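The structure under discussion appears below in the form of structure tokens.
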Amino acid sequence: TLCSLLRQKKILSKQTGYNEQMGKYIKSPYFKTVVEEDEREHISIVTLVTPKGLKFIYRLIKKNELLDEFDTTSLLEVSANA
């Protein structure tokens with residue numbers, strides 16, 4: 001999966017059970033982390049990908065010659081509109 005690839009490339013980490021950016025990507029324009037707390041005080045962390053992040057991921061997939069493993073059509077469409 002895409003998250004597995006990003007963890008393998010040391011871009012994301014799943015140490016806390018959530019996919020979070022690794023150190024040098026925390027302040028990058030590629031991802032945004034949203035922390036939410038529900039009424040039972042359960043905290044959820046969600047990592048979102050920005051339009052710049054989509055371009056970054058597409059280049060990563062292309063560089064690693066993995067285009068056949070992922071449907072990059074949606075990445076290309078969003079990147080073109082960004």
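Quick note on naming: the chains in the structure tokens go A, B, ... in the order shown, residues restart at 1 in each chain, and ligands are numbered from 1 in order of appearance.
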Could you pull out the strand (DSSP E or B) residues of range 2-82 of chain A from DSSP and send them as a PyMOL selection string? chain A and resi 12-13+20-21+31-37+43-49
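Residues of chain A that DSSP places in alpha helix (DSSP H), based on the backbone of this structure, are A:Leu2, A:Cys3, A:Ser4, A:Leu5, A:Leu6, A:Arg7, A:Gln8, A:Pro51, A:Lys52, A:Gly53, A:Leu54, A:Lys55, A:Phe56, A:Ile57, A:Tyr58, A:Arg59, A:Leu60, A:Ile61, A:Lys62, A:Lys63, A:Thr73, A:Ser74, A:Leu75, A:Leu76, A:Glu77, A:Val78, A:Ser79, A:Ala80, A:Asn81.
Here CA of Leu66 in chain A and CA of Leu2 in chain A stand 10.5 Å from one another.
CA of Ser4 in chain A to CA of Phe31 in chain A spans 15.9 Å [interatomic distance, one decimal].
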Using only C-alpha atoms, which protein or nucleic acid residues come within 8 Å of Glu20 in chain A? Drop anything in the same chain fewer than 3 positions from it, and give the result as a PyMOL selection string. chain A and resi 12-14+33+46-47
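Here CA of Leu60 in chain A is placed at a distance of 14.1 Å from CA of Tyr25 in chain A.
The smallest atom-to-atom distance between Lys9 in chain A and any of A:Met22, A:Val34, A:Val49, A:Ile43, using only C-alpha atoms, is found for A:Met22.
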With only C-alpha atoms as the counted atoms, please give the residues lying no more than 8 Å from Ser44 in chain A, apart from itself and same-chain residues fewer than 6 positions off, as number ranges by chain. A: 35-37
Mind writing the picked residues with N, CA, C and O atoms as a PDB file, in the first residue's frame?
ATOM      1  N   VAL A  35      -5.079  16.583  14.910  1.00  0.00           N
ATOM      2  CA  VAL A  35      -5.321  15.848  16.154  1.00  0.00           C
ATOM      3  C   VAL A  35      -6.743  16.164  16.601  1.00  0.00           C
ATOM      4  O   VAL A  35      -7.118  17.327  16.730  1.00  0.00           O
ATOM      5  N   GLU A  36      -7.525  15.112  16.812  1.00  0.00           N
ATOM      6  CA  GLU A  36      -8.913  15.277  17.228  1.00  0.00           C
ATOM      7  C   GLU A  36      -9.162  14.503  18.515  1.00  0.00           C
ATOM      8  O   GLU A  36      -8.580  13.452  18.738  1.00  0.00           O
ATOM      9  N   GLU A  37     -10.050  15.041  19.346  1.00  0.00           N
ATOM     10  CA  GLU A  37     -10.439  14.361  20.578  1.00  0.00           C
ATOM     11  C   GLU A  37     -11.953  14.238  20.574  1.00  0.00           C
ATOM     12  O   GLU A  37     -12.670  15.216  20.359  1.00  0.00           O
TER      13      GLU A  37
END
